[in-house]
$ cat work_3.cif   # mmCIF, C-alpha atoms
data_entry
#
loop_
_atom_site.label_atom_id
_atom_site.label_comp_id
_atom_site.auth_asym_id
_atom_site.auth_seq_id
_atom_site.Cartn_x
_atom_site.Cartn_y
_atom_site.Cartn_z
CA MET P 28 100.73 99.15 38.75
CA VAL P 29 98.50 102.24 38.77
CA LEU P 30 95.16 102.17 40.62
CA ASP P 31 92.40 104.75 40.53
CA VAL P 32 90.17 105.59 43.47
CA LEU P 33 87.60 102.90 42.55
CA GLU P 34 90.29 100.21 42.66
CA ILE P 35 91.60 101.63 45.95
CA MET P 36 88.11 101.34 47.49
CA LYS P 37 87.99 97.65 46.50
CA ARG P 38 91.08 97.01 48.65
CA ILE P 39 90.46 99.13 51.75
CA PRO P 40 87.23 99.91 53.64
CA HIS P 41 87.73 103.71 53.85
CA ARG P 42 85.22 106.02 52.18
CA TYR P 43 84.58 109.75 51.84
CA PRO P 44 85.29 111.87 53.79
CA PHE P 45 87.97 109.63 55.28
CA LEU P 46 89.50 108.15 52.13
CA LEU P 47 92.83 110.00 51.95
CA VAL P 48 94.39 108.43 48.83
CA ASP P 49 93.29 109.52 45.36
CA ARG P 50 95.53 107.33 43.21
CA ILE P 51 98.22 104.68 43.45
CA LEU P 52 101.12 105.68 41.21
CA GLU P 53 103.35 102.63 41.73
CA MET P 54 102.88 99.33 43.52
CA ASP P 55 105.54 96.62 43.74
CA THR P 56 104.10 93.51 45.39
CA GLU P 57 107.42 91.67 45.14
CA ASN P 58 109.47 94.29 47.02
CA LEU P 59 106.43 95.41 49.06
CA THR P 60 106.57 99.12 48.22
CA ILE P 61 103.86 101.53 47.17
CA LYS P 62 103.58 105.15 46.09
CA GLY P 63 100.28 107.01 46.33
CA LEU P 64 98.90 110.48 45.74
CA LYS P 65 96.50 112.79 47.57
CA ASN P 66 95.43 116.10 46.07
CA VAL P 67 94.87 118.44 48.99
CA THR P 68 92.09 120.86 48.06
CA ALA P 69 90.68 123.92 49.78
CA ASN P 70 87.34 122.07 49.90
CA GLU P 71 88.55 119.53 52.49
CA GLU P 72 86.20 119.60 55.48
CA PHE P 73 88.98 119.72 58.06
CA PHE P 74 90.22 123.09 56.75
CA GLN P 75 87.07 124.74 58.15
CA GLY P 76 88.42 124.38 61.66
CA HIS P 77 92.15 123.63 61.25
CA PHE P 78 92.84 126.56 61.26
CA PRO P 79 90.55 129.36 60.02
CA GLY P 80 92.67 131.92 58.19
CA HIS P 81 95.72 129.63 58.31
CA PRO P 82 94.63 126.25 56.86
CA ILE P 83 96.96 123.28 57.37
CA MET P 84 96.21 119.59 57.02
CA PRO P 85 96.17 117.82 60.40
CA GLY P 86 99.26 115.68 60.83
CA VAL P 87 97.25 112.69 62.02
CA LEU P 88 95.44 112.67 58.67
CA ILE P 89 98.76 112.64 56.81
CA VAL P 90 99.81 109.61 58.88
CA GLU P 91 96.43 108.01 58.12
CA GLY P 92 96.96 108.59 54.39
CA ILE P 93 100.35 106.87 54.54
CA ALA P 94 98.71 103.95 56.37
CA GLN P 95 95.91 103.73 53.81
CA CYS P 96 98.53 103.31 51.07
CA LEU P 97 100.01 100.46 53.05
CA GLY P 98 96.55 98.92 53.32
CA VAL P 99 96.15 99.04 49.56
CA LEU P 100 99.45 97.19 49.21
CA VAL P 101 98.84 94.37 51.69
CA MET P 102 95.06 93.83 51.48
CA ASP P 103 93.60 92.02 48.49
CA ASP P 104 90.12 93.37 49.10
CA ALA P 105 88.15 95.14 51.80
CA GLY P 106 85.64 92.28 52.07
CA GLU P 107 85.59 90.93 55.62
CA LYS P 108 88.97 92.29 56.79
CA VAL P 109 89.86 95.61 58.43
CA PRO P 110 93.33 97.03 59.13
CA TYR P 111 93.76 98.38 62.68
CA PHE P 112 96.66 100.44 64.00
CA ALA P 113 98.67 98.57 66.64
CA ALA P 114 101.49 101.12 67.00
CA ILE P 115 102.57 104.44 65.55
CA GLU P 116 106.21 105.31 66.22
CA ASN P 117 108.88 107.83 65.34
CA VAL P 118 106.48 110.30 63.75
CA LYS P 119 108.12 113.49 62.56
CA PHE P 120 106.28 116.45 61.06
CA LYS P 121 108.76 118.54 59.08
CA ALA P 122 106.55 121.04 57.23
CA PRO P 123 102.87 122.01 57.02
CA VAL P 124 100.62 120.78 54.23
CA ARG P 125 98.33 123.43 52.77
CA PRO P 126 95.45 123.62 50.30
CA GLY P 127 96.76 123.16 46.77
CA ASP P 128 99.58 120.82 47.79
CA GLN P 129 99.92 117.39 46.28
CA LEU P 130 100.97 114.77 48.81
CA ILE P 131 103.01 111.83 47.61
CA TYR P 132 103.00 108.89 50.00
CA GLU P 133 105.84 106.34 49.85
CA VAL P 134 105.64 103.21 51.98
CA LYS P 135 107.84 100.15 52.41
CA VAL P 136 106.87 97.02 54.30
CA ASP P 137 109.61 96.02 56.69
CA LYS P 138 108.02 92.79 57.94
CA ILE P 139 104.84 90.75 57.62
CA ARG P 140 104.11 87.97 60.06
CA ARG P 141 100.70 86.36 59.75
CA ASN P 142 98.27 89.27 60.15
CA ILE P 143 100.81 91.76 61.60
CA VAL P 144 102.42 94.30 59.26
CA LYS P 145 105.35 96.60 60.15
CA ALA P 146 106.24 99.39 57.76
CA THR P 147 107.85 102.78 57.34
CA GLY P 148 106.60 105.61 55.24
CA VAL P 149 106.97 109.23 54.25
CA ALA P 150 104.75 111.91 52.80
CA LYS P 151 106.30 114.44 50.42
CA VAL P 152 105.28 117.74 48.88
CA ASP P 153 107.41 118.94 45.95
CA ASP P 154 109.95 116.14 46.65
CA LYS P 155 110.48 117.37 50.23
CA ILE P 156 109.58 115.10 53.14
CA VAL P 157 106.82 116.67 55.24
CA THR P 158 106.05 113.64 57.44
CA GLU P 159 107.76 110.37 58.29
CA VAL P 160 106.46 107.48 60.36
CA ALA P 161 106.98 103.86 61.36
CA PHE P 162 103.92 101.84 62.22
CA THR P 163 102.48 98.44 62.91
CA PHE P 164 98.99 97.33 62.12
CA THR P 165 97.04 94.17 62.32
CA ILE P 166 94.54 92.88 59.79
CA MET P 167 91.46 91.57 61.59
CA ASP P 168 88.05 90.17 60.72
CA LYS P 169 85.19 92.66 60.93
#
$ encode --input "work_3.cif" --output "structure tokens"
Amino acid sequence: MVLDVLEIMKRIPHRYPFLLVDRILEMDTENLTIKGLKNVTANEEFFQGHFPGHPIMPGVLIVEGIAQCLGVLVMDDAGEKVPYFAAIENVKFKAPVRPGDQLIYEVKVDKIRRNIVKATGVAKVDDKIVTEVAFTFTIMDK
């Protein structure tokens, strides 16, 4: 299943400038996996200060993008529910992400119990892992 940014915004509450997923390339609701895309452009606001003359995407925003993909997978719509981080573990940053890169997020749900979701994910540039993470979040009412 491929989703454009309008479909993504129906599922998660994030909006510009904090929506960090441009497209869902694959989504398997049976095996609970998802693959998303973020085009990293020189126009991103965070590049103004991170770092002038040596722009790299902040690692926390890469982790957030991975989590947003997970939200698209497990939330039917952004209506009255909001996903909140409960834990972020085993984060590894392996390479910087620069303007012009295309991030591919890959996420797999490890466990869902009621409103608690545990998952692992990676972000890749040119098929090389740049970030990996395990996290837990809870889906709560607004």
$ closest_atom_pairs --input "work_3.cif" --of "range 70-122 of chain P" --to "range 39-63 of chain P" --cutoff "9 Å" --atoms "all atoms listed in the file" --output "Markdown table"
| residue | atom | partner | partner_atom | distance |
| --- | --- | --- | --- | --- |
| P:Glu71 | CA | P:Pro44 | CA | 8.4 |
| P:Glu72 | CA | P:Pro44 | CA | 8.0 |
| P:Leu88 | CA | P:Leu47 | CA | 7.7 |
| P:Ile89 | CA | P:Leu47 | CA | 8.1 |
| P:Glu91 | CA | P:Leu47 | CA | 7.4 |
| P:Gly92 | CA | P:Leu47 | CA | 5.0 |
| P:Ile93 | CA | P:Gly63 | CA | 8.2 |
| P:Gln95 | CA | P:Val48 | CA | 7.0 |
| P:Cys96 | CA | P:Gly63 | CA | 6.3 |
| P:Leu97 | CA | P:Ile61 | CA | 7.1 |
| P:Gly98 | CA | P:Ile39 | CA | 6.3 |
| P:Val99 | CA | P:Ile39 | CA | 6.1 |
| P:Leu100 | CA | P:Ile61 | CA | 6.5 |
| P:Val101 | CA | P:Leu59 | CA | 8.1 |
| P:Met102 | CA | P:Ile39 | CA | 7.0 |
| P:Asp103 | CA | P:Ile39 | CA | 8.4 |
| P:Asp104 | CA | P:Ile39 | CA | 6.3 |
| P:Ala105 | CA | P:Ile39 | CA | 4.6 |
| P:Gly106 | CA | P:Pro40 | CA | 8.0 |
| P:Lys108 | CA | P:Pro40 | CA | 8.4 |
| P:Val109 | CA | P:Pro40 | CA | 7.0 |
| P:Pro110 | CA | P:Ile39 | CA | 8.2 |
$ write_last_selection --input "work_3.cif" --atoms "C-alpha atoms" --output "mmCIF file, keeping the file's coordinate frame"
data_model
loop_
_atom_site.group_PDB
_atom_site.id
_atom_site.type_symbol
_atom_site.label_atom_id
_atom_site.label_comp_id
_atom_site.auth_asym_id
_atom_site.auth_seq_id
_atom_site.Cartn_x
_atom_site.Cartn_y
_atom_site.Cartn_z
ATOM 1 C CA GLU P 71 88.550 119.530 52.490
ATOM 2 C CA GLU P 72 86.200 119.600 55.480
ATOM 3 C CA LEU P 88 95.440 112.670 58.670
ATOM 4 C CA ILE P 89 98.760 112.640 56.810
ATOM 5 C CA GLU P 91 96.430 108.010 58.120
ATOM 6 C CA GLY P 92 96.960 108.590 54.390
ATOM 7 C CA ILE P 93 100.350 106.870 54.540
ATOM 8 C CA GLN P 95 95.910 103.730 53.810
ATOM 9 C CA CYS P 96 98.530 103.310 51.070
ATOM 10 C CA LEU P 97 100.010 100.460 53.050
ATOM 11 C CA GLY P 98 96.550 98.920 53.320
ATOM 12 C CA VAL P 99 96.150 99.040 49.560
ATOM 13 C CA LEU P 100 99.450 97.190 49.210
ATOM 14 C CA VAL P 101 98.840 94.370 51.690
ATOM 15 C CA MET P 102 95.060 93.830 51.480
ATOM 16 C CA ASP P 103 93.600 92.020 48.490
ATOM 17 C CA ASP P 104 90.120 93.370 49.100
ATOM 18 C CA ALA P 105 88.150 95.140 51.800
ATOM 19 C CA GLY P 106 85.640 92.280 52.070
ATOM 20 C CA LYS P 108 88.970 92.290 56.790
ATOM 21 C CA VAL P 109 89.860 95.610 58.430
ATOM 22 C CA PRO P 110 93.330 97.030 59.130
#
$ atom_distance --input "work_3.cif" --atom1 "CA of Pro126 in chain P" --atom2 "CA of Val67 in chain P"
5.4 Å
$ atom_distance --input "work_3.cif" --atom1 "CA of Ala122 in chain P" --atom2 "CA of Val90 in chain P"
13.4 Å
$ residues_near_point --input "work_3.cif" --point "(109.6, 117.1, 59.6)" --cutoff "7 Å" --atoms "only C-alpha atoms" --output "list of chain:residue names"
P:Lys119, P:Phe120, P:Lys121, P:Ala122, P:Ile156, P:Val157, P:Thr158
$ atom_distance --input "work_3.cif" --atom1 "CA of Val136 in chain P" --atom2 "CA of Leu30 in chain P"
18.7 Å
$ closest_residue --input "work_3.cif" --among "P:Val118, P:Ala113, P:Leu64, P:Thr163" --to "Lys151 in chain P" --atoms "all atoms listed in the file"
P:Leu64
$ resolve_selection --input "work_3.cif" --expression "the PyMOL selection byres ((chain P and resi 74) around 12)" --output "ChimeraX atom specification"
/P:67-73,75-85,88,124-127
$ resolve_selection --input "work_3.cif" --expression "the PyMOL selection byres ((chain P and resi 146) around 8)" --output "list in words"
Leu97, Val134, Lys135, Val136, Asp137, Lys138, Val144, Lys145, Thr147, Gly148, Ala161, Phe162 and Thr163 of chain P
$ closest_residue --input "work_3.cif" --among "P:Ala94, P:Lys155, P:Asn66, P:Phe164" --to "Ala114 in chain P" --atoms "only C-alpha atoms"
P:Phe164
$ axis_aligned_box --input "work_3.cif" --around "range 148-152 of chain P" --padding-each-side "6 Å" --output "AutoDock Vina command-line options"
--center_x 105.9 --center_y 111.7 --center_z 52.1 --size_x 14.2 --size_y 24.1 --size_z 18.4
$ decode --input "work_3.cif" --residues "range 43-68 of chain P" --atoms "N, CA and C atoms" --output "PDB file, in the first residue's frame"
ATOM      1  N   TYR P  43       3.368  20.295   9.108  1.00  0.00           N
ATOM      2  CA  TYR P  43       4.536  21.115   8.834  1.00  0.00           C
ATOM      3  C   TYR P  43       4.732  22.116   9.970  1.00  0.00           C
ATOM      4  N   PRO P  44       5.934  22.328  10.421  1.00  0.00           N
ATOM      5  CA  PRO P  44       7.209  21.822   9.895  1.00  0.00           C
ATOM      6  C   PRO P  44       7.667  20.532  10.556  1.00  0.00           C
ATOM      7  N   PHE P  45       6.782  19.852  11.282  1.00  0.00           N
ATOM      8  CA  PHE P  45       7.213  18.681  12.032  1.00  0.00           C
ATOM      9  C   PHE P  45       6.768  17.359  11.416  1.00  0.00           C
ATOM     10  N   LEU P  46       6.131  17.383  10.278  1.00  0.00           N
ATOM     11  CA  LEU P  46       5.803  16.145   9.573  1.00  0.00           C
ATOM     12  C   LEU P  46       7.059  15.707   8.829  1.00  0.00           C
ATOM     13  N   LEU P  47       7.601  14.550   9.196  1.00  0.00           N
ATOM     14  CA  LEU P  47       8.905  14.118   8.694  1.00  0.00           C
ATOM     15  C   LEU P  47       8.826  12.883   7.804  1.00  0.00           C
ATOM     16  N   VAL P  48       7.651  12.620   7.246  1.00  0.00           N
ATOM     17  CA  VAL P  48       7.453  11.523   6.296  1.00  0.00           C
ATOM     18  C   VAL P  48       6.728  12.098   5.088  1.00  0.00           C
ATOM     19  N   ASP P  49       7.295  11.912   3.902  1.00  0.00           N
ATOM     20  CA  ASP P  49       6.691  12.434   2.681  1.00  0.00           C
ATOM     21  C   ASP P  49       5.796  11.423   1.969  1.00  0.00           C
ATOM     22  N   ARG P  50       6.123  10.140   2.130  1.00  0.00           N
ATOM     23  CA  ARG P  50       5.385   9.105   1.399  1.00  0.00           C
ATOM     24  C   ARG P  50       5.589   7.763   2.103  1.00  0.00           C
ATOM     25  N   ILE P  51       4.557   6.938   2.065  1.00  0.00           N
ATOM     26  CA  ILE P  51       4.674   5.560   2.504  1.00  0.00           C
ATOM     27  C   ILE P  51       4.830   4.709   1.245  1.00  0.00           C
ATOM     28  N   LEU P  52       5.922   3.975   1.176  1.00  0.00           N
ATOM     29  CA  LEU P  52       6.229   3.162  -0.002  1.00  0.00           C
ATOM     30  C   LEU P  52       5.621   1.765   0.087  1.00  0.00           C
ATOM     31  N   GLU P  53       5.615   1.203   1.287  1.00  0.00           N
ATOM     32  CA  GLU P  53       5.053  -0.130   1.516  1.00  0.00           C
ATOM     33  C   GLU P  53       4.458  -0.159   2.915  1.00  0.00           C
ATOM     34  N   MET P  54       3.322  -0.846   3.047  1.00  0.00           N
ATOM     35  CA  MET P  54       2.723  -1.009   4.362  1.00  0.00           C
ATOM     36  C   MET P  54       2.043  -2.376   4.392  1.00  0.00           C
ATOM     37  N   ASP P  55       2.472  -3.215   5.323  1.00  0.00           N
ATOM     38  CA  ASP P  55       1.938  -4.555   5.467  1.00  0.00           C
ATOM     39  C   ASP P  55       1.267  -4.643   6.838  1.00  0.00           C
ATOM     40  N   THR P  56      -0.050  -4.524   6.859  1.00  0.00           N
ATOM     41  CA  THR P  56      -0.783  -4.528   8.126  1.00  0.00           C
ATOM     42  C   THR P  56      -0.900  -5.926   8.727  1.00  0.00           C
ATOM     43  N   GLU P  57      -0.643  -6.950   7.946  1.00  0.00           N
ATOM     44  CA  GLU P  57      -0.673  -8.315   8.477  1.00  0.00           C
ATOM     45  C   GLU P  57       0.621  -8.629   9.235  1.00  0.00           C
ATOM     46  N   ASN P  58       1.758  -8.287   8.639  1.00  0.00           N
ATOM     47  CA  ASN P  58       3.060  -8.539   9.276  1.00  0.00           C
ATOM     48  C   ASN P  58       3.563  -7.344  10.090  1.00  0.00           C
ATOM     49  N   LEU P  59       2.779  -6.262  10.087  1.00  0.00           N
ATOM     50  CA  LEU P  59       3.074  -5.049  10.852  1.00  0.00           C
ATOM     51  C   LEU P  59       4.452  -4.472  10.531  1.00  0.00           C
ATOM     52  N   THR P  60       4.658  -4.212   9.237  1.00  0.00           N
ATOM     53  CA  THR P  60       5.873  -3.543   8.767  1.00  0.00           C
ATOM     54  C   THR P  60       5.476  -2.377   7.879  1.00  0.00           C
ATOM     55  N   ILE P  61       6.384  -1.399   7.807  1.00  0.00           N
ATOM     56  CA  ILE P  61       6.128  -0.222   6.981  1.00  0.00           C
ATOM     57  C   ILE P  61       7.454   0.333   6.476  1.00  0.00           C
ATOM     58  N   LYS P  62       7.394   0.941   5.306  1.00  0.00           N
ATOM     59  CA  LYS P  62       8.568   1.570   4.707  1.00  0.00           C
ATOM     60  C   LYS P  62       8.139   2.950   4.214  1.00  0.00           C
ATOM     61  N   GLY P  63       8.829   3.983   4.710  1.00  0.00           N
ATOM     62  CA  GLY P  63       8.480   5.351   4.347  1.00  0.00           C
ATOM     63  C   GLY P  63       9.664   6.104   3.777  1.00  0.00           C
ATOM     64  N   LEU P  64       9.395   7.292   3.267  1.00  0.00           N
ATOM     65  CA  LEU P  64      10.407   8.095   2.597  1.00  0.00           C
ATOM     66  C   LEU P  64      10.353   9.538   3.074  1.00  0.00           C
ATOM     67  N   LYS P  65      11.512  10.135   3.236  1.00  0.00           N
ATOM     68  CA  LYS P  65      11.640  11.568   3.543  1.00  0.00           C
ATOM     69  C   LYS P  65      12.705  12.135   2.640  1.00  0.00           C
ATOM     70  N   ASN P  66      12.324  13.099   1.812  1.00  0.00           N
ATOM     71  CA  ASN P  66      13.294  13.827   0.999  1.00  0.00           C
ATOM     72  C   ASN P  66      13.866  14.948   1.850  1.00  0.00           C
ATOM     73  N   VAL P  67      15.150  14.907   2.083  1.00  0.00           N
ATOM     74  CA  VAL P  67      15.818  15.899   2.923  1.00  0.00           C
ATOM     75  C   VAL P  67      16.311  17.014   2.002  1.00  0.00           C
ATOM     76  N   THR P  68      15.720  18.203   2.132  1.00  0.00           N
ATOM     77  CA  THR P  68      16.084  19.300   1.246  1.00  0.00           C
ATOM     78  C   THR P  68      16.872  20.373   1.990  1.00  0.00           C
TER      79      THR P  68
END
